[in-house]
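Engineer: Before anything else, here's the structure in question.
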Amino acid sequence: MIDKNIDQLKRLKLRKNAEMRLKVYGILSISLALIMLATLMISIGLSGYSALQQAYVKLEINVDSKKVLDEKGGFSNQKALLVNWDGIVSNSFITNFPEITKRSEKRSLRALMSSNAGYELRQYFQKNPDDLDENITIWLSASDDFDQYMKGRFNTSVDEKDRRLSNQQLKWIDFLAMEKISKLKFNTSFFVNADSREPESAGILGAVVGSTLTLTITILFALPLAVMASVYLEYFAKPGRLTDFIEVNINNLAAIPSIVFGLLGLSVFLGFFGLPRSAPLVGGLCLGLMTIPTIIIASRASIRAVPPSIKDAALALGASRMQAALHHVLPLAAPGILTGTIIGMAQALGETAPLLMIGMVAFIIETPDSFTSAATAMPVQIFMWSDSAERAFYERSSLAILFLVGFLIIMNSLAVFLRRKFEKKW
Amino acid sequence: MIKTIKLVFSIFSICIFSIFSISSLNAREGNQISIVGSSTVFPFATIVAERFAKNTNFKAPVIESTGSGGGLKLFCAGIGLEHPDVTNASRAIKSSEKETCEKNGITPVEYLIGYDGITFSNSNAVKQLSLTKEDIFNAVSAKVYKNGDMIDNPYNKWSDINSSLPAVEIDVLAPPPSSGTRDAFVELVMHSVCKKKYEMDKKTYKANCSALREDGAVTEVGENDNLIIEKLADNSSRFGIFGYSFLDQNRDRVQGSIVDGVGPSMDTIADGSYKVSRPLFFYVKKEHIGVVPGIQEYADYFMSLAVEGSPLEAAGLIPN
């Protein structure tokens with residue numbers, strides 16, 4: 001009797017140990033995943049945070065109003081195009097170094113200013129024509145190499161001839177920084193500009209707007225279609241071979257590589273309907289097709305999770321099938337459908353492959369303003385920056401990644417929040 | 001809730017309706033120039049496009065990087081606003097592509113913008129190598145020439161090829177076959193060795209000297225040249241094949257090997273003494289000039305920037 005008891009205790013202990021081990025394995029695998037995620041985010045964060053700042057140079061400038069105003073006193077674009085804004089910027093910049101007279105030196109000095117500084121100046125006066133004819137102080141972008149050096153991301157240990165900045169140029173930058181003529185300031189252009197070839201004026205706004213436009217089309221196209229499809233499949237379709245066949249195909253569709261939807265978009269939307277290339281409209285439709293199966297699967301699951309008694313009660317009281325579905329079941333299934341939709345949208349937000357085929361992987365300088373104007377999307381922007389030769393794009397693509405991840409976190413937590421808030425327990 | 005659902009459904013039908021009504025409109029909005037083509041010319045074309053947009057009243061062109069072959073295919077597909085107006089190419093148009101173009105009623109106007117060198121580079125932590133085209137061929141080709149025969153590449157170390165080279169494993173990162181850089185490398189290095197050194201005829205060298213080895217010594221990497229630079233900086237015995245503009249931007253980390261006695265630089269590529277270089281072009285669709293505003297102006301603007309001392313030169317283009 002006692003022997004048997006000891007034996008049982010031993011086995012109990014063994015079982016408890018096994019359970020303990022399983023728990024430890026679980027904790028280990030979760031922490032491993034978390035560590036990897038943290039390493040990834042920290043390394044991206046460390047290389048990206050510096051893009052929040054940008055080197056600017058303080059210049060004193062006076063522009064004659066006769067050069068840019070038309071007879072009525074308004075800002076004339078036509079006249080402004082003829083003004084040598086770059087010249088105004090570099091003349092003002094060079095006055096910081098009165099001792100420099102040689103042409104070659106002036107040339108390497110000019111290279112420290114952004115090649116877009118002249119354009120920035122023109123834009124400033126376009127917005128503030130009252131400042132014409134006055135001595136104003138304005139902060140304009142420095143070149144990307146200047147910027148990288150100020151941030152300590154410029155490798156000065158290599159031979160002078162292998163560097164993009166000469167010793168003389170570095171000395172000038174040090175002087176400007178010491179005199180507080182140049183400073184690292186908040187990088188507004190990153191948030192208000194679209195893409196540019198110059199890292200110092202490249203921004204994420206164009207891509208954010210492009211993504212928003214695209215996702216708007218996606219949700220308008222995919223959500224109603226998917227909900228209608230799942231209501232039909234759950235309420236009206238007779239169980240049978242055909243329904244099974246449709247179900248298998250929907251599941252298949254959810255697993256198809258996304259590039260295929262791009263090819264489909266290319267031949268159907270561009271080829272057959274003749275919709276414009278590079279437009280968010282087409283991108284949204286392609287991503288919509290990609291998202292539909294995800295939403296259908298989620299919607300069917302949540303419609304099925306509504307207890308059949310509710311539908312039965314509605315039908316018993318004389319409601320039609322449509323009334324039962326629209327008035328009773330769908331509202332109860334809405335949180336689940338919404339969650340599925342948001343997850344599908346998050347997936348669509350991070351997608352680049354279908355966009356490649358329909359021309360949204362492109363260099364676009366202007367922020368899109370309609371569903372048919374040329375646009376790009378956030379992951380595409382990251383891809384294009386990481387492919388650029390200029391070193392300063394490295395930190396900008398990291399910052400853009402943080403941005404994109406931020407959006408994804410917001411969308412996914414919204415999904416969790418909505419589910420928590422509206423979910424009914426039966 | 002029911003109202004919301006009805007609202008969503010009506011918005012949906014409006015959407016579908018508007019999609020179909022838009023499809024009857026023009027295929028392109030805003031009169032933007034549409035440009036496709038080579039990923040090598042892409043960085044230069046984007047610089048031109050940005051300056052063009054900021055310094056004129058024309059809208060900014062939209063530029064896609066599709067590769068030279070893909071670009072010409074789209075370009076020659078037809079006339080009309082759904083087809084691109086300009087294509088960039090890192091090689092001249094092929095006669096077959098020209099035929100397609102002509103069949104569709106398109107006259108491509110060629111503009112030569114300059115040259116690009118292809119470099120065989122490694123980390124600058126080690127000594128710069130001096131190679132011949134034949135050394136490079138022996139290192140990367142799937143088949144090599146030995147005693148009058150083409151045999152599978154037997155070399156594992158650089159010193160196996162040429163005893164004056166270091167005794168390190170051959171490890172080369174090459175661009176994928178879709179890339180114009182790869183086409184040019186095969187033509188300028190591999191075909192040239194087979195043609196000139198081994199005196200093969202065109203058919204033989206095309207068949208025998210076009211494939212890169214697949215036994216692990218050569219790794220194909222995507223079109224991302226930055227990634228190649230990253231990997232070269234990590235491992236000093238590794239070599240990479242990429243365009244001169246990337247070498248120029250990353251001189252603090254990588255160096256180009258000397259090929260046949262000449263190292264890659266602006267001067268040697270421009271005067272033709274560095275042999276691994278190729279011309280860069282863009283083609284304009286003559287039929288679209290005047291239909292899409294600004295095409296001729298864009299072409300002229302591009303040519304005005306493709307000169308010495310221009311921002312394109314600073315980005316690594318070697319002007320004509």
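Ordered as shown in the structure tokens, chains take letters A, B, and onward, while each chain numbers its residues from 1 and ligands are numbered from 1 in the order shown.
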Can you build me a table of region 240-315 of chain B residues sitting at most 7 Å from region 117-136 of chain B, with the closest atom pair per residue and its distance in Å to one decimal, using only C-alpha atoms, sorted by chain and residue number, as a Markdown table?
Structural biologist:
```
| residue | atom | partner | partner_atom | distance |
| --- | --- | --- | --- | --- |
| B:Gly240 | CA | B:Ser121 | CA | 5.3 |
| B:Ile241 | CA | B:Phe120 | CA | 4.9 |
| B:Phe242 | CA | B:Thr119 | CA | 5.6 |
| B:Gly243 | CA | B:Ile118 | CA | 4.6 |
| B:Tyr244 | CA | B:Gly117 | CA | 5.0 |
| B:Arg253 | CA | B:Asn124 | CA | 5.7 |
| B:Val254 | CA | B:Ser123 | CA | 4.3 |
| B:Gln255 | CA | B:Asn124 | CA | 5.3 |
| B:Gly256 | CA | B:Ser121 | CA | 4.1 |
| B:Ser257 | CA | B:Leu129 | CA | 5.2 |
| B:Ile258 | CA | B:Ser130 | CA | 4.5 |
| B:Val259 | CA | B:Leu131 | CA | 5.0 |
| B:Asp260 | CA | B:Thr132 | CA | 4.5 |
| B:Gly261 | CA | B:Ser130 | CA | 6.7 |
| B:Pro264 | CA | B:Thr119 | CA | 6.8 |
| B:Ile269 | CA | B:Gly117 | CA | 6.2 |
| B:Val276 | CA | B:Ile118 | CA | 5.6 |
| B:Ser277 | CA | B:Gly117 | CA | 4.0 |
| B:Arg278 | CA | B:Gly117 | CA | 6.4 |
```
Engineer: Residues of chain A within 6 Å of chain B, counting only C-alpha atoms - could you list those as an NGL selection string?
Structural biologist: :A and (162-163 or 197 or 220 or 273-276 or 362-364 or 373 or 387 or 389)
Engineer: Given the selection you just returned, output its residues as a file containing N, CA and C atoms, formatted as a PDB file, in the first residue's frame.
Structural biologist:
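Generated output (result-v4.pdb):
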```pdb
ATOM      1  N   ASP A 162      39.449  59.764 -50.728  1.00  0.00           N
ATOM      2  CA  ASP A 162      38.352  58.802 -50.749  1.00  0.00           C
ATOM      3  C   ASP A 162      37.090  59.332 -50.082  1.00  0.00           C
ATOM      4  N   ARG A 163      37.178  60.566 -49.573  1.00  0.00           N
ATOM      5  CA  ARG A 163      36.031  61.109 -48.850  1.00  0.00           C
ATOM      6  C   ARG A 163      35.227  62.025 -49.738  1.00  0.00           C
ATOM      7  N   ARG A 197      15.355  63.647 -54.786  1.00  0.00           N
ATOM      8  CA  ARG A 197      16.636  62.977 -55.001  1.00  0.00           C
ATOM      9  C   ARG A 197      17.640  63.447 -53.976  1.00  0.00           C
ATOM     10  N   LEU A 220     -13.139  50.541 -49.420  1.00  0.00           N
ATOM     11  CA  LEU A 220     -14.432  50.751 -50.065  1.00  0.00           C
ATOM     12  C   LEU A 220     -14.758  49.609 -51.024  1.00  0.00           C
ATOM     13  N   PHE A 273      -9.596  47.920 -68.742  1.00  0.00           N
ATOM     14  CA  PHE A 273     -10.376  49.120 -68.434  1.00  0.00           C
ATOM     15  C   PHE A 273      -9.644  50.398 -68.805  1.00  0.00           C
ATOM     16  N   GLY A 274      -8.334  50.298 -69.012  1.00  0.00           N
ATOM     17  CA  GLY A 274      -7.573  51.481 -69.392  1.00  0.00           C
ATOM     18  C   GLY A 274      -7.461  52.511 -68.285  1.00  0.00           C
ATOM     19  N   LEU A 275      -7.417  52.068 -67.030  1.00  0.00           N
ATOM     20  CA  LEU A 275      -7.228  53.009 -65.919  1.00  0.00           C
ATOM     21  C   LEU A 275      -5.784  53.507 -65.934  1.00  0.00           C
ATOM     22  N   PRO A 276      -5.531  54.677 -65.327  1.00  0.00           N
ATOM     23  CA  PRO A 276      -4.181  55.243 -65.401  1.00  0.00           C
ATOM     24  C   PRO A 276      -3.138  54.425 -64.631  1.00  0.00           C
ATOM     25  N   ALA A 362       7.596  54.065 -58.145  1.00  0.00           N
ATOM     26  CA  ALA A 362       8.113  55.085 -59.047  1.00  0.00           C
ATOM     27  C   ALA A 362       8.612  56.270 -58.244  1.00  0.00           C
ATOM     28  N   PHE A 363       9.403  57.091 -58.906  1.00  0.00           N
ATOM     29  CA  PHE A 363       9.916  58.307 -58.285  1.00  0.00           C
ATOM     30  C   PHE A 363       8.920  59.421 -58.549  1.00  0.00           C
ATOM     31  N   ILE A 364       8.257  59.888 -57.509  1.00  0.00           N
ATOM     32  CA  ILE A 364       7.204  60.881 -57.676  1.00  0.00           C
ATOM     33  C   ILE A 364       7.459  62.042 -56.724  1.00  0.00           C
ATOM     34  N   SER A 373      -4.141  60.563 -59.589  1.00  0.00           N
ATOM     35  CA  SER A 373      -2.825  61.140 -59.846  1.00  0.00           C
ATOM     36  C   SER A 373      -1.750  60.146 -59.414  1.00  0.00           C
ATOM     37  N   ASP A 387      17.548  51.806 -51.584  1.00  0.00           N
ATOM     38  CA  ASP A 387      18.260  51.459 -52.806  1.00  0.00           C
ATOM     39  C   ASP A 387      19.065  52.645 -53.348  1.00  0.00           C
ATOM     40  N   ALA A 389      21.966  55.577 -53.544  1.00  0.00           N
ATOM     41  CA  ALA A 389      23.389  55.561 -53.239  1.00  0.00           C
ATOM     42  C   ALA A 389      23.757  56.512 -52.105  1.00  0.00           C
TER      43      ALA A 389
END
```
Engineer: Report, in Å with one decimal, the straight-line distance from CA of Thr107 (chain B) to CA of Ile295 (chain B).
Structural biologist: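 The value is 14.2 Å.
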Engineer: Would you give me, as a ChimeraX atom specification, the residues in region 59-153 of chain B that DSSP reads as alpha helix (DSSP H)?
Structural biologist: /B:68-75,95-103,133-140
Engineer: Output C-alpha atoms of each residue in that selection to a file, as a PDB file, in the first residue's frame.
Structural biologist:
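Contents of the output file out39.pdb:
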```pdb
ATOM      1  CA  SER B  68      16.404  48.429 -69.730  1.00  0.00           C
ATOM      2  CA  GLY B  69      14.653  45.458 -71.337  1.00  0.00           C
ATOM      3  CA  GLY B  70      11.392  45.925 -69.445  1.00  0.00           C
ATOM      4  CA  GLY B  71      11.407  49.622 -70.212  1.00  0.00           C
ATOM      5  CA  LEU B  72      11.842  49.153 -73.953  1.00  0.00           C
ATOM      6  CA  LYS B  73       9.095  46.551 -73.959  1.00  0.00           C
ATOM      7  CA  LEU B  74       6.630  48.982 -72.339  1.00  0.00           C
ATOM      8  CA  PHE B  75       7.891  51.811 -74.521  1.00  0.00           C
ATOM      9  CA  SER B  95      17.132  45.502 -83.609  1.00  0.00           C
ATOM     10  CA  SER B  96      14.270  43.258 -82.481  1.00  0.00           C
ATOM     11  CA  GLU B  97      13.002  45.982 -80.147  1.00  0.00           C
ATOM     12  CA  LYS B  98      13.320  48.522 -82.921  1.00  0.00           C
ATOM     13  CA  GLU B  99      11.167  46.322 -85.134  1.00  0.00           C
ATOM     14  CA  THR B 100       8.443  46.082 -82.482  1.00  0.00           C
ATOM     15  CA  CYS B 101       8.543  49.839 -82.124  1.00  0.00           C
ATOM     16  CA  GLU B 102       8.262  50.417 -85.851  1.00  0.00           C
ATOM     17  CA  LYS B 103       5.484  47.880 -86.162  1.00  0.00           C
ATOM     18  CA  LYS B 133      39.821  40.578 -67.754  1.00  0.00           C
ATOM     19  CA  GLU B 134      40.913  36.964 -68.120  1.00  0.00           C
ATOM     20  CA  ASP B 135      41.474  36.644 -64.349  1.00  0.00           C
ATOM     21  CA  ILE B 136      37.945  37.918 -63.733  1.00  0.00           C
ATOM     22  CA  PHE B 137      36.577  35.598 -66.397  1.00  0.00           C
ATOM     23  CA  ASN B 138      38.339  32.617 -64.816  1.00  0.00           C
ATOM     24  CA  ALA B 139      36.964  33.536 -61.417  1.00  0.00           C
ATOM     25  CA  VAL B 140      33.316  33.928 -62.317  1.00  0.00           C
TER      26      VAL B 140
END
```
Engineer: Report as CSV the residues of region 253-290 of chain A within 10 Å of region 203-216 of chain A, each with its shortest atom pair and distance in Å (one decimal), using only C-alpha atoms, ordered by chain and increasing residue number.
Structural biologist:
```
residue,atom,partner,partner_atom,distance
A:Ala279,CA,A:Thr214,CA,8.4
A:Pro280,CA,A:Thr214,CA,4.6
A:Leu281,CA,A:Thr214,CA,6.3
A:Val282,CA,A:Thr214,CA,8.1
A:Gly283,CA,A:Thr214,CA,5.9
A:Gly284,CA,A:Thr214,CA,4.4
A:Leu285,CA,A:Thr214,CA,8.1
A:Cys286,CA,A:Thr214,CA,9.5
A:Leu287,CA,A:Leu215,CA,8.0
A:Gly288,CA,A:Leu215,CA,8.3
```
Engineer: Would you write out those residues with C-alpha atoms, as a PDB file, in the first residue's frame?
Structural biologist:
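Output contents, as saved in result_3.pdb:
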```
ATOM      1  CA  ALA A 279      -2.704  55.628 -59.675  1.00  0.00           C
ATOM      2  CA  PRO A 280      -3.907  54.873 -56.117  1.00  0.00           C
ATOM      3  CA  LEU A 281      -7.229  53.857 -57.672  1.00  0.00           C
ATOM      4  CA  VAL A 282      -5.659  50.867 -59.395  1.00  0.00           C
ATOM      5  CA  GLY A 283      -3.376  50.114 -56.448  1.00  0.00           C
ATOM      6  CA  GLY A 284      -6.381  50.123 -54.130  1.00  0.00           C
ATOM      7  CA  LEU A 285      -8.335  47.774 -56.385  1.00  0.00           C
ATOM      8  CA  CYS A 286      -5.414  45.316 -56.600  1.00  0.00           C
ATOM      9  CA  LEU A 287      -4.879  45.374 -52.843  1.00  0.00           C
ATOM     10  CA  GLY A 288      -8.650  45.075 -52.427  1.00  0.00           C
TER      11      GLY A 288
END
```
Engineer: Would you mind listing what lies within 7 Å of region 249-265 of chain A as a PyMOL selection string, with only C-alpha atoms counted and same-chain residues fewer than 2 positions away left out?
Structural biologist: chain A and resi 245-247+267-270+286+290+293-294+353-355+357-358
Engineer: Those same residues, written as a short mmCIF file (atom, residue, chain, number, x, y, z; two decimals), in the first residue's frame with N, CA and C atoms?
Structural biologist:
```cif
data_model
loop_
_atom_site.label_atom_id
_atom_site.label_comp_id
_atom_site.auth_asym_id
_atom_site.auth_seq_id
_atom_site.Cartn_x
_atom_site.Cartn_y
_atom_site.Cartn_z
N PHE A 245 -16.77 24.04 -53.24
CA PHE A 245 -15.80 24.44 -54.25
C PHE A 245 -15.44 25.92 -54.07
N ILE A 246 -16.48 26.74 -53.84
CA ILE A 246 -16.23 28.18 -53.64
C ILE A 246 -15.38 28.40 -52.39
N GLU A 247 -15.71 27.65 -51.34
CA GLU A 247 -14.98 27.82 -50.09
C GLU A 247 -13.50 27.48 -50.26
N SER A 267 -3.21 43.50 -66.20
CA SER A 267 -3.91 43.10 -67.43
C SER A 267 -5.38 43.53 -67.40
N VAL A 268 -6.02 43.52 -66.22
CA VAL A 268 -7.45 43.86 -66.19
C VAL A 268 -7.67 45.37 -66.06
N PHE A 269 -7.17 45.97 -64.97
CA PHE A 269 -7.48 47.39 -64.74
C PHE A 269 -6.76 48.30 -65.72
N LEU A 270 -5.47 48.01 -65.99
CA LEU A 270 -4.73 48.88 -66.92
C LEU A 270 -5.01 48.48 -68.36
N CYS A 286 -6.26 46.52 -56.67
CA CYS A 286 -5.41 45.32 -56.60
C CYS A 286 -5.31 44.82 -55.16
N MET A 290 -6.74 41.46 -53.10
CA MET A 290 -5.89 40.64 -52.24
C MET A 290 -6.50 40.49 -50.85
N PRO A 293 -10.37 37.88 -49.70
CA PRO A 293 -10.45 36.56 -49.06
C PRO A 293 -10.20 36.61 -47.55
N THR A 294 -9.24 37.46 -47.12
CA THR A 294 -8.98 37.59 -45.68
C THR A 294 -10.24 38.04 -44.96
N ALA A 353 4.63 44.27 -53.59
CA ALA A 353 4.75 43.48 -54.81
C ALA A 353 3.66 43.79 -55.85
N PRO A 354 2.36 43.85 -55.47
CA PRO A 354 1.35 44.14 -56.50
C PRO A 354 1.52 45.54 -57.08
N LEU A 355 2.06 46.45 -56.25
CA LEU A 355 2.19 47.84 -56.71
C LEU A 355 3.28 47.96 -57.77
N MET A 357 3.86 46.04 -60.30
CA MET A 357 3.40 45.76 -61.65
C MET A 357 2.56 46.90 -62.22
N ILE A 358 1.90 47.65 -61.36
CA ILE A 358 0.99 48.68 -61.89
C ILE A 358 1.62 50.07 -61.82
#
```
Engineer: Excluding region 306-309 of chain B and any residue of its chain fewer than 2 positions from it, enumerate the residues within 10 Å of it, using only C-alpha atoms, and give them as a compact mmCIF listing (two decimals) with N, CA and C atoms, in the first residue's frame.
Structural biologist:
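Written output follows (out.txt):
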```txt
# COMPACT_ATOMS: atom_id res chain seq x y z
N PHE B 44 20.09 59.10 -62.28
CA PHE B 44 20.36 60.33 -63.04
C PHE B 44 19.06 60.96 -63.52
N VAL B 48 17.38 64.76 -62.88
CA VAL B 48 16.94 65.65 -63.95
C VAL B 48 15.47 66.00 -63.76
N LEU B 112 22.24 59.99 -76.30
CA LEU B 112 23.35 59.41 -75.53
C LEU B 112 23.71 60.39 -74.42
N ILE B 113 23.58 59.94 -73.15
CA ILE B 113 23.83 60.90 -72.07
C ILE B 113 25.23 60.77 -71.49
N GLY B 114 25.89 59.64 -71.69
CA GLY B 114 27.22 59.51 -71.12
C GLY B 114 27.57 58.05 -70.91
N ASP B 300 15.78 68.09 -73.76
CA ASP B 300 16.81 69.12 -73.89
C ASP B 300 17.44 69.43 -72.53
N TYR B 301 16.58 69.44 -71.51
CA TYR B 301 17.07 69.74 -70.16
C TYR B 301 18.05 68.66 -69.70
N PHE B 302 17.69 67.41 -69.98
CA PHE B 302 18.56 66.27 -69.63
C PHE B 302 19.91 66.45 -70.30
N MET B 303 19.90 66.76 -71.62
CA MET B 303 21.16 66.88 -72.34
C MET B 303 21.97 68.07 -71.81
N SER B 304 21.26 69.13 -71.37
CA SER B 304 22.01 70.28 -70.87
C SER B 304 22.67 69.97 -69.53
N PRO B 311 25.38 68.37 -61.77
CA PRO B 311 25.01 67.48 -60.66
C PRO B 311 24.98 66.01 -61.09
N LEU B 312 24.77 65.75 -62.36
CA LEU B 312 24.78 64.35 -62.79
C LEU B 312 26.18 63.78 -62.68
N GLU B 313 27.17 64.61 -62.98
CA GLU B 313 28.54 64.14 -62.85
C GLU B 313 28.85 63.88 -61.38
N ALA B 314 28.33 64.76 -60.51
CA ALA B 314 28.55 64.56 -59.08
C ALA B 314 27.92 63.26 -58.61
N LEU B 317 27.77 60.06 -63.06
CA LEU B 317 27.66 59.89 -64.51
C LEU B 317 28.95 60.42 -65.15
N ILE B 318 29.42 59.71 -66.17
CA ILE B 318 30.58 60.21 -66.89
C ILE B 318 30.07 60.79 -68.21
N PRO B 319 30.03 62.12 -68.31
CA PRO B 319 29.39 62.74 -69.47
C PRO B 319 30.14 62.42 -70.76
N ASN B 320 29.41 62.52 -71.84
CA ASN B 320 29.95 62.19 -73.16
C ASN B 320 31.07 63.15 -73.54
```
